[in-house]
$ cat entry13.csv   # CSV, C-alpha atoms
chain,number,residue,atom,x,y,z
Q,6,MET,CA,0.1,-11.8,29.3
Q,7,ARG,CA,0.5,-10.9,32.9
Q,8,HIS,CA,-0.8,-7.8,34.6
Q,9,PHE,CA,0.4,-6.0,37.7
Q,10,LEU,CA,-0.9,-2.9,39.5
Q,11,PHE,CA,2.0,-1.2,41.2
Q,12,VAL,CA,1.0,1.2,43.9
Q,13,VAL,CA,3.5,4.0,44.7
Q,14,SER,CA,2.6,5.6,48.0
Q,15,LEU,CA,5.2,8.2,49.1
Q,16,LEU,CA,5.7,11.8,50.1
Q,17,ILE,CA,9.4,11.7,49.2
Q,18,ALA,CA,10.0,9.0,46.5
Q,19,SER,CA,13.6,8.3,47.5
Q,20,VAL,CA,12.8,7.6,51.1
Q,21,PHE,CA,10.0,5.2,50.2
Q,22,CYS,CA,12.1,3.2,47.8
Q,23,GLN,CA,15.1,3.0,50.0
Q,24,ALA,CA,12.8,1.6,52.7
Q,25,GLN,CA,11.3,-1.0,50.3
Q,26,ASN,CA,14.4,-2.7,49.0
Q,27,SER,CA,12.8,-5.8,47.6
Q,28,TRP,CA,9.6,-4.6,46.0
Q,29,HIS,CA,11.0,-4.8,42.5
Q,30,GLU,CA,12.3,-8.3,43.0
Q,31,LYS,CA,8.9,-9.5,44.2
Q,32,MET,CA,7.2,-7.8,41.4
Q,33,ILE,CA,9.4,-9.4,38.8
Q,34,ASP,CA,9.0,-12.8,40.4
Q,35,SER,CA,5.2,-12.3,40.1
Q,36,LEU,CA,5.4,-11.3,36.4
Q,37,GLY,CA,7.7,-14.1,35.4
Q,38,LYS,CA,9.8,-14.1,32.3
Q,39,VAL,CA,8.3,-12.6,29.2
Q,40,GLU,CA,9.8,-10.8,26.2
Q,41,PHE,CA,8.5,-7.3,26.8
Q,42,TYR,CA,7.9,-5.6,30.2
Q,43,LEU,CA,5.9,-2.4,29.8
Q,44,ILE,CA,5.1,-0.1,32.7
Q,45,ALA,CA,2.8,2.9,32.6
Q,46,GLN,CA,3.7,6.3,33.9
Q,47,LEU,CA,2.4,9.8,34.4
Q,48,HIS,CA,5.1,11.9,32.9
Q,49,ASN,CA,7.2,14.1,35.2
Q,50,ASN,CA,6.4,12.3,38.4
Q,51,GLN,CA,9.5,12.1,40.5
Q,52,ALA,CA,8.8,8.4,41.4
Q,53,ASN,CA,9.2,7.3,37.8
Q,54,THR,CA,13.0,7.5,37.9
Q,55,ILE,CA,13.2,5.2,40.9
Q,56,ILE,CA,10.6,2.8,39.6
Q,57,GLU,CA,12.3,2.5,36.2
Q,58,LYS,CA,15.8,2.2,37.6
Q,59,GLU,CA,15.0,-0.6,40.1
Q,60,LEU,CA,12.9,-2.6,37.6
Q,61,LEU,CA,15.4,-2.3,34.8
Q,62,PHE,CA,18.4,-3.3,36.9
Q,63,SER,CA,16.5,-6.2,38.4
Q,64,LEU,CA,15.4,-7.5,35.0
Q,65,ASN,CA,19.0,-7.2,33.8
Q,66,LYS,CA,20.3,-9.2,36.7
Q,67,LYS,CA,17.6,-11.9,36.7
Q,68,TYR,CA,16.9,-12.4,33.0
Q,69,GLY,CA,19.7,-10.6,31.2
Q,70,LEU,CA,17.4,-8.0,29.8
Q,71,GLN,CA,19.4,-5.3,27.9
Q,72,TYR,CA,17.1,-3.1,25.9
Q,73,ASP,CA,15.1,-0.1,27.3
Q,74,ILE,CA,12.7,1.5,24.9
Q,75,LEU,CA,12.4,5.2,25.4
Q,76,GLU,CA,9.3,7.3,24.5
Q,77,TYR,CA,11.4,9.4,22.3
Q,78,GLY,CA,12.7,9.2,18.8
Q,79,HIS,CA,15.8,7.1,18.3
Q,80,SER,CA,18.0,10.1,17.7
Q,81,VAL,CA,17.7,11.0,21.4
Q,82,ALA,CA,18.3,7.3,22.4
Q,83,PHE,CA,21.4,7.3,20.2
Q,84,LEU,CA,22.8,10.4,22.1
Q,85,VAL,CA,22.0,8.7,25.4
Q,86,ASN,CA,23.9,5.6,24.3
Q,87,GLN,CA,26.8,7.7,23.3
Q,88,TYR,CA,26.9,9.1,26.8
Q,89,LEU,CA,26.8,5.6,28.3
Q,90,VAL,CA,30.0,4.8,26.3
Q,91,THR,CA,31.9,8.1,26.6
Q,92,GLY,CA,30.6,9.6,29.8
Q,93,GLN,CA,30.6,13.0,28.1
Q,94,ASP,CA,28.2,15.3,30.0
Q,95,SER,CA,28.0,17.6,27.0
Q,96,LEU,CA,25.8,15.0,25.3
Q,97,LEU,CA,23.2,15.1,28.1
Q,98,LYS,CA,23.4,18.9,28.2
Q,99,PHE,CA,22.7,19.0,24.5
Q,100,ILE,CA,19.5,17.0,25.0
Q,101,ASP,CA,18.3,19.1,27.9
Q,102,PRO,CA,20.6,21.5,29.8
Q,103,LYS,CA,18.2,21.8,32.7
Q,104,ALA,CA,17.6,18.1,33.3
Q,105,SER,CA,19.5,16.1,36.0
Q,106,PHE,CA,19.3,12.8,34.1
Q,107,GLN,CA,19.5,10.9,37.3
Q,108,PHE,CA,18.1,7.7,35.7
Q,109,ILE,CA,20.6,7.9,32.8
Q,110,ARG,CA,23.5,8.6,35.1
Q,111,ALA,CA,22.5,5.6,37.2
Q,112,VAL,CA,22.4,3.4,34.1
Q,113,LYS,CA,25.9,4.6,33.2
Q,114,ALA,CA,27.3,3.7,36.6
Q,115,TYR,CA,25.6,0.3,36.5
Q,116,ASN,CA,26.8,-0.4,33.0
Q,117,ASP,CA,30.4,0.3,34.0
Q,118,SER,CA,30.3,-2.7,36.3
Q,119,LEU,CA,29.1,-5.0,33.5
Q,120,THR,CA,30.8,-6.8,30.7
Q,121,HIS,CA,30.0,-5.6,27.2
Q,122,GLN,CA,27.6,-8.5,26.5
Q,123,LYS,CA,25.4,-7.5,29.5
Q,124,LYS,CA,25.3,-3.7,29.2
Q,125,ILE,CA,22.0,-1.9,28.9
Q,126,ARG,CA,21.2,0.0,25.7
Q,127,PHE,CA,18.5,2.4,24.8
Q,128,TYR,CA,16.3,2.5,21.7
Q,129,GLY,CA,13.7,5.0,20.6
Q,130,LEU,CA,10.6,4.3,18.5
Q,131,ASP,CA,8.7,7.6,18.7
Q,132,PHE,CA,8.4,10.6,16.5
Q,133,GLU,CA,11.6,12.4,15.5
Q,134,ASN,CA,10.6,16.1,14.9
Q,135,ARG,CA,11.7,17.6,18.2
Q,136,LEU,CA,13.3,21.1,18.4
Q,137,GLN,CA,13.3,21.4,14.6
Q,138,GLY,CA,15.4,18.3,14.1
Q,139,ARG,CA,18.2,19.2,16.6
Q,140,PHE,CA,18.7,15.7,17.8
Q,141,ILE,CA,18.5,14.1,14.3
Q,142,LYS,CA,21.3,16.4,13.0
Q,143,LYS,CA,23.5,15.8,16.0
Q,144,THR,CA,23.1,12.1,15.7
Q,145,MET,CA,23.8,12.1,12.0
Q,146,THR,CA,26.9,14.2,12.5
Q,147,ILE,CA,28.3,11.7,15.0
Q,148,ILE,CA,27.5,8.7,12.8
Q,149,LEU,CA,29.0,10.4,9.7
Q,150,LYS,CA,32.2,11.0,11.6
Q,151,GLN,CA,32.5,7.7,13.5
Q,152,SER,CA,31.5,5.5,10.5
Q,153,ASN,CA,34.3,6.9,8.3
Q,154,LEU,CA,31.8,6.9,5.5
Q,155,PRO,CA,33.7,7.9,2.2
Q,156,ALA,CA,32.6,11.2,0.8
Q,157,LYS,CA,32.2,9.7,-2.6
Q,158,GLU,CA,29.3,7.5,-1.4
Q,159,ASN,CA,25.7,8.5,-2.1
Q,160,LEU,CA,24.9,7.6,1.5
Q,161,PHE,CA,27.4,10.2,2.7
Q,162,THR,CA,25.5,12.8,0.7
Q,163,PHE,CA,22.1,11.8,2.1
Q,164,LEU,CA,23.4,12.1,5.7
Q,165,GLN,CA,25.1,15.4,5.0
Q,166,ASP,CA,22.0,16.8,3.5
Q,167,ILE,CA,20.1,16.0,6.7
Q,168,ILE,CA,22.9,17.6,8.8
Q,169,VAL,CA,22.7,20.9,6.9
Q,170,SER,CA,19.0,20.8,6.2
Q,171,ASP,CA,16.7,23.6,7.2
Q,172,PRO,CA,13.6,22.5,9.2
Q,173,GLY,CA,11.3,22.8,6.3
Q,174,ASN,CA,13.2,20.3,4.2
Q,175,LEU,CA,14.2,17.8,7.0
Q,176,ALA,CA,11.3,15.5,6.5
Q,177,MET,CA,11.9,15.3,2.8
Q,178,ASN,CA,15.6,14.5,3.3
Q,179,LEU,CA,14.7,11.8,5.8
Q,180,LYS,CA,12.3,10.3,3.3
Q,181,ARG,CA,15.1,10.3,0.6
Q,182,LEU,CA,17.4,8.5,3.1
Q,183,ARG,CA,14.6,6.0,3.9
Q,184,ASN,CA,14.1,5.2,0.2
Q,185,TYR,CA,17.8,4.8,-0.3
Q,186,LEU,CA,18.2,2.4,2.6
Q,187,SER,CA,15.3,0.3,1.2
Q,188,GLN,CA,16.7,0.2,-2.3
Q,189,HIS,CA,20.4,-0.3,-1.3
Q,190,GLU,CA,20.1,-2.2,1.9
Q,191,GLN,CA,23.1,-4.4,1.7
Q,192,ASP,CA,25.4,-1.7,0.6
Q,193,SER,CA,24.1,0.5,3.4
Q,194,ARG,CA,24.7,-2.2,5.9
Q,195,THR,CA,28.2,-2.6,4.8
Q,196,LEU,CA,29.0,1.1,4.8
Q,197,LEU,CA,27.3,1.9,8.1
Q,198,GLY,CA,28.2,-1.2,10.0
Q,199,ASP,CA,26.9,-1.1,13.6
Q,200,TYR,CA,25.2,2.3,12.8
Q,201,PHE,CA,22.8,0.8,10.3
Q,202,THR,CA,20.1,0.1,12.8
Q,203,ASP,CA,20.4,3.6,14.3
Q,204,VAL,CA,20.0,5.2,10.9
Q,205,LEU,CA,17.2,2.7,9.9
Q,206,LEU,CA,15.1,3.6,13.0
Q,207,ILE,CA,15.5,7.4,12.6
Q,208,ALA,CA,14.7,7.4,8.9
Q,209,ASN,CA,11.6,5.2,9.3
Q,210,ALA,CA,10.1,6.9,12.4
Q,211,GLN,CA,7.0,9.0,12.2
Q,212,TYR,CA,8.3,12.5,11.8
Q,213,ASP,CA,5.7,14.8,13.4
Q,214,PHE,CA,3.8,14.4,16.6
Q,215,THR,CA,0.3,13.0,16.6
Q,216,PRO,CA,-1.6,11.6,19.6
Q,217,ASP,CA,-2.4,8.4,17.8
Q,218,ARG,CA,1.1,7.3,16.7
Q,219,ASP,CA,1.2,3.8,18.2
Q,220,ASP,CA,1.0,2.1,14.8
Q,221,ALA,CA,4.1,3.9,13.7
Q,222,MET,CA,5.9,3.0,17.0
Q,223,LEU,CA,4.9,-0.7,16.5
Q,224,GLU,CA,6.3,-0.7,13.0
Q,225,ASN,CA,9.6,0.7,14.2
Q,226,PHE,CA,9.7,-1.9,17.0
Q,227,LYS,CA,9.3,-4.6,14.4
Q,228,ARG,CA,12.2,-3.2,12.5
Q,229,LEU,CA,14.3,-3.1,15.6
Q,230,HIS,CA,13.3,-6.6,16.7
Q,231,LYS,CA,14.2,-8.0,13.2
Q,232,GLU,CA,17.7,-6.4,13.4
Q,233,LEU,CA,18.4,-7.7,16.9
Q,234,THR,CA,17.3,-11.2,16.1
Q,235,LYS,CA,19.5,-11.6,13.0
Q,236,ASN,CA,22.3,-13.2,15.0
Q,237,GLY,CA,19.9,-15.6,16.7
Q,238,GLU,CA,19.4,-13.5,19.8
Q,239,ARG,CA,16.0,-13.6,21.5
Q,240,PRO,CA,16.0,-10.1,23.0
Q,241,LEU,CA,14.1,-8.9,26.0
Q,242,PHE,CA,12.7,-5.4,26.3
Q,243,PHE,CA,11.6,-2.9,29.0
Q,244,ALA,CA,9.7,0.4,28.5
Q,245,SER,CA,8.0,3.0,30.6
Q,246,PHE,CA,5.4,4.8,28.5
Q,247,GLY,CA,2.7,7.3,29.2
Q,248,THR,CA,-0.7,6.0,30.3
Q,249,GLY,CA,-2.4,6.6,26.9
Q,250,HIS,CA,-0.1,4.2,25.2
Q,251,VAL,CA,-0.3,1.5,27.9
Q,252,ASN,CA,-3.9,1.5,29.0
Q,253,LEU,CA,-5.3,-1.9,28.0
Q,254,ARG,CA,-8.7,-0.3,27.4
Q,255,ASN,CA,-7.1,1.4,24.4
Q,256,SER,CA,-7.1,-1.2,21.7
Q,257,ASN,CA,-5.1,1.1,19.5
Q,258,GLY,CA,-2.3,1.6,22.1
Q,259,ILE,CA,1.0,0.0,21.7
Q,260,ALA,CA,0.5,-2.3,24.7
Q,261,MET,CA,-2.4,-4.0,23.1
Q,262,LYS,CA,-0.8,-4.0,19.7
Q,263,LEU,CA,2.3,-5.7,21.1
Q,264,LEU,CA,0.2,-8.2,22.9
Q,265,GLU,CA,-2.5,-9.1,20.3
Q,266,ASP,CA,-1.4,-8.1,16.8
Q,267,GLU,CA,-0.8,-11.2,14.6
Q,268,ASP,CA,2.5,-9.8,13.3
Q,269,SER,CA,3.8,-8.6,16.7
Q,270,PRO,CA,7.1,-10.2,17.3
Q,271,VAL,CA,6.4,-10.5,21.0
Q,272,LYS,CA,2.7,-11.6,20.7
Q,273,ASN,CA,1.4,-13.1,24.0
Q,274,SER,CA,4.7,-12.5,25.7
Q,275,VAL,CA,4.1,-9.0,27.2
Q,276,ALA,CA,3.8,-8.0,30.9
Q,277,VAL,CA,1.9,-4.8,31.4
Q,278,THR,CA,2.1,-3.0,34.7
Q,279,GLY,CA,-0.1,-0.1,35.7
Q,280,THR,CA,1.0,2.4,38.3
Q,281,HIS,CA,-1.3,3.9,41.0
Q,282,TYR,CA,0.3,7.1,42.4
Q,283,PHE,CA,-0.6,8.3,45.9
Q,284,ASN,CA,0.9,11.4,47.5
Q,285,CYS,CA,3.7,11.4,44.9
Q,286,LEU,CA,5.6,14.4,43.9
Q,287,PHE,CA,5.5,15.9,40.4
Q,288,THR,CA,8.2,18.2,39.1
Q,289,LYS,CA,7.6,21.9,39.5
Q,290,GLN,CA,7.4,22.3,35.7
Q,291,ALA,CA,4.7,19.6,35.5
Q,292,VAL,CA,2.6,21.2,38.2
Q,293,LYS,CA,3.0,24.6,36.5
Q,294,ASN,CA,1.9,23.2,33.1
Q,295,HIS,CA,-0.8,20.9,34.5
Q,296,PRO,CA,-2.2,22.1,37.9
Q,297,MET,CA,-4.3,19.0,38.1
Q,298,ALA,CA,-1.2,16.8,37.5
Q,299,ALA,CA,-1.6,14.8,40.8
Q,300,TRP,CA,-4.4,12.7,39.5
Q,301,THR,CA,-3.8,9.0,39.6
Q,302,PHE,CA,-3.7,6.3,37.0
Q,303,TYR,CA,-6.1,3.7,35.5
Q,304,VAL,CA,-5.9,0.1,35.2
Q,305,ARG,CA,-6.7,-2.8,32.9
Q,306,LYS,CA,-9.8,-4.1,31.4
Q,307,GLN,CA,-10.1,-7.2,33.5
Q,308,PHE,CA,-10.6,-5.1,36.7
Q,309,PRO,CA,-14.3,-4.2,37.4
Q,310,LYS,CA,-13.5,-0.6,38.2
Q,311,PRO,CA,-10.6,1.7,37.3
Q,312,CYS,CA,-8.2,2.6,40.1
Q,313,LEU,CA,-8.4,6.3,40.3
$ encode --input "entry13.csv" --output "structure tokens"
Amino acid sequence: MRHFLFVVSLLIASVFCQAQNSWHEKMIDSLGKVEFYLIAQLHNNQANTIIEKELLFSLNKKYGLQYDILEYGHSVAFLVNQYLVTGQDSLLKFIDPKASFQFIRAVKAYNDSLTHQKKIRFYGLDFENRLQGRFIKKTMTIILKQSNLPAKENLFTFLQDIIVSDPGNLAMNLKRLRNYLSQHEQDSRTLLGDYFTDVLLIANAQYDFTPDRDDAMLENFKRLHKELTKNGERPLFFASFGTGHVNLRNSNGIAMKLLEDEDSPVKNSVAVTGTHYFNCLFTKQAVKNHPMAAWTFYVRKQFPKPCL
């Protein structure tokens, strides 16, 4: 595994990154080719969008990397992917009417210049219970419509039950769907077609938030990896996760699990990048919620002292 400490030093993130056009290319050259590129972030820092965009696009150009793992449930990632295909702003507004989605819009513009085989796609591995299942229900509604699933099928009933479910029964209905997929896998694949992986990830994700959810994320990553490799593909992944998941001193974090777990499909082929922020801007909401938000980030266990 390769490690890299990326130092962001800026008062206005866009000015800095426009002035440093080749930093991302040099960084990727230093890391070399691996199967999973994982970068740490402090949530809500304005530099994150630029860092993620430049690294993702450079990895796509250099190595053909296509899959970006979001620190969200896959229902959100599904809606983002729908936006990438359709360009419907209503999908982004549904996710968050106040967000600018600069990163996602940049990916859409970039994807529009690529052939289908090279386009970037998002996947989510994280817990699903956000806003009382709002994103799950929206995703299942789209899948039910676009898959043309016959109403006589049991699978239709399971998806419909989720769509109309009240928040108190949503976890139970997802469990029923999960069990059905397991017991009728081949039929479900046939009926859902390209949407099978989407439904599989949502149904099997951890439902509620807990701080120590990395095991669940790893299990869903293994499901995703298995699906993507069925046609002989050797997929490459990129992700930007919060520091708690990426800190290599946390043996229970997903970074160490991807790297060292015996059943990790990318074992010993992970590049972890720490980010040291200096004079970076956080969003107003982040500063409001966390007045001490401008603290800087950590590093890895092989360094004698943490970079703070």
$ closest_atom_pairs --input "entry13.csv" --of "stretch 42-82 of chain Q" --to "stretch 90-110 of chain Q" --cutoff "10 Å" --atoms "all atoms listed in the file" --output "tab-separated table"
residue	atom	partner	partner_atom	distance
Q:Asn53	CA	Q:Phe108	CA	9.2
Q:Thr54	CA	Q:Phe108	CA	5.6
Q:Ile55	CA	Q:Phe108	CA	7.6
Q:Ile56	CA	Q:Phe108	CA	9.8
Q:Glu57	CA	Q:Phe108	CA	7.8
Q:Lys58	CA	Q:Phe108	CA	6.3
Q:Glu59	CA	Q:Phe108	CA	9.9
Q:Val81	CA	Q:Ile100	CA	7.2
$ residues_around --input "entry13.csv" --residues "Q:Gln71" --least-positions-apart "6" --cutoff "7 Å" --atoms "all atoms listed in the file" --output "list of chain:residue names"
Q:Asn65, Q:Lys123, Q:Lys124, Q:Ile125, Q:Arg126, Q:Leu241, Q:Phe242
$ write_last_selection --input "entry13.csv" --atoms "C-alpha atoms" --output "mmCIF file, in the coordinates of the input"
data_model
loop_
_atom_site.group_PDB
_atom_site.id
_atom_site.type_symbol
_atom_site.label_atom_id
_atom_site.label_comp_id
_atom_site.auth_asym_id
_atom_site.auth_seq_id
_atom_site.Cartn_x
_atom_site.Cartn_y
_atom_site.Cartn_z
ATOM 1 C CA ASN Q 65 19.000 -7.200 33.800
ATOM 2 C CA LYS Q 123 25.400 -7.500 29.500
ATOM 3 C CA LYS Q 124 25.300 -3.700 29.200
ATOM 4 C CA ILE Q 125 22.000 -1.900 28.900
ATOM 5 C CA ARG Q 126 21.200 0.000 25.700
ATOM 6 C CA LEU Q 241 14.100 -8.900 26.000
ATOM 7 C CA PHE Q 242 12.700 -5.400 26.300
#
$ closest_residue --input "entry13.csv" --among "Q:Ala260, Q:Ala276, Q:Leu119, Q:Ala208" --to "Q:Ser187" --atoms "only C-alpha atoms"
Q:Ala208
$ atom_distance --input "entry13.csv" --atom1 "atom CA of Q:His121" --atom2 "atom CA of Q:Ile44"
26.1 Å
$ closest_residue --input "entry13.csv" --among "Q:Gln122, Q:Ser63, Q:Asn153, Q:Thr144" --to "Q:Phe243" --atoms "only C-alpha atoms"
Q:Ser63
$ atom_distance --input "entry13.csv" --atom1 "atom CA of Q:Leu229" --atom2 "atom CA of Q:Leu205"
8.6 Å
$ atom_distance --input "entry13.csv" --atom1 "atom CA of Q:Ala82" --atom2 "atom CA of Q:Gln137"
16.9 Å
$ residues_around --input "entry13.csv" --residues "Q:Ile74" --least-positions-apart "5" --cutoff "7 Å" --atoms "all atoms listed in the file" --output "list in words"
Phe127, Tyr128, Gly129, Phe243 and Ala244 of chain Q
$ write_last_selection --input "entry13.csv" --atoms "C-alpha atoms" --output "CSV table (one decimal), in the coordinates of the input"
chain,number,residue,atom,x,y,z
Q,127,PHE,CA,18.5,2.4,24.8
Q,128,TYR,CA,16.3,2.5,21.7
Q,129,GLY,CA,13.7,5.0,20.6
Q,243,PHE,CA,11.6,-2.9,29.0
Q,244,ALA,CA,9.7,0.4,28.5
$ residues_around --input "entry13.csv" --residues "Q:Thr202" --least-positions-apart "2" --cutoff "10 Å" --atoms "only C-alpha atoms" --output "compact mmCIF listing (two decimals) with C-alpha atoms, in the frame of the given file"
# COMPACT_ATOMS: atom_id res chain seq x y z
CA HIS Q 79 15.80 7.10 18.30
CA TYR Q 128 16.30 2.50 21.70
CA ARG Q 194 24.70 -2.20 5.90
CA LEU Q 197 27.30 1.90 8.10
CA GLY Q 198 28.20 -1.20 10.00
CA ASP Q 199 26.90 -1.10 13.60
CA TYR Q 200 25.20 2.30 12.80
CA VAL Q 204 20.00 5.20 10.90
CA LEU Q 205 17.20 2.70 9.90
CA LEU Q 206 15.10 3.60 13.00
CA ILE Q 207 15.50 7.40 12.60
CA ALA Q 208 14.70 7.40 8.90
CA ARG Q 228 12.20 -3.20 12.50
CA LEU Q 229 14.30 -3.10 15.60
CA GLU Q 232 17.70 -6.40 13.40
CA LEU Q 233 18.40 -7.70 16.90
$ closest_atom_pairs --input "entry13.csv" --of "stretch 132-235 of chain Q" --to "stretch 250-254 of chain Q" --cutoff "10 Å" --atoms "only C-alpha atoms" --output "Markdown table"
| residue | atom | partner | partner_atom | distance |
| --- | --- | --- | --- | --- |
| Q:Pro216 | CA | Q:His250 | CA | 9.4 |
| Q:Asp217 | CA | Q:His250 | CA | 8.8 |
| Q:Arg218 | CA | Q:His250 | CA | 9.1 |
| Q:Asp219 | CA | Q:His250 | CA | 7.1 |
$ write_last_selection --input "entry13.csv" --atoms "C-alpha atoms" --output "PDB file, in the frame of the given file"
ATOM      1  CA  PRO Q 216      -1.600  11.600  19.600  1.00  0.00           C
ATOM      2  CA  ASP Q 217      -2.400   8.400  17.800  1.00  0.00           C
ATOM      3  CA  ARG Q 218       1.100   7.300  16.700  1.00  0.00           C
ATOM      4  CA  ASP Q 219       1.200   3.800  18.200  1.00  0.00           C
TER       5      ASP Q 219
END
$ residues_around --input "entry13.csv" --residues "Q:Ala176" --least-positions-apart "6" --cutoff "9 Å" --atoms "all atoms listed in the file" --output "list in words"
Asn134, Ile167, Tyr212 and Asp213 of chain Q
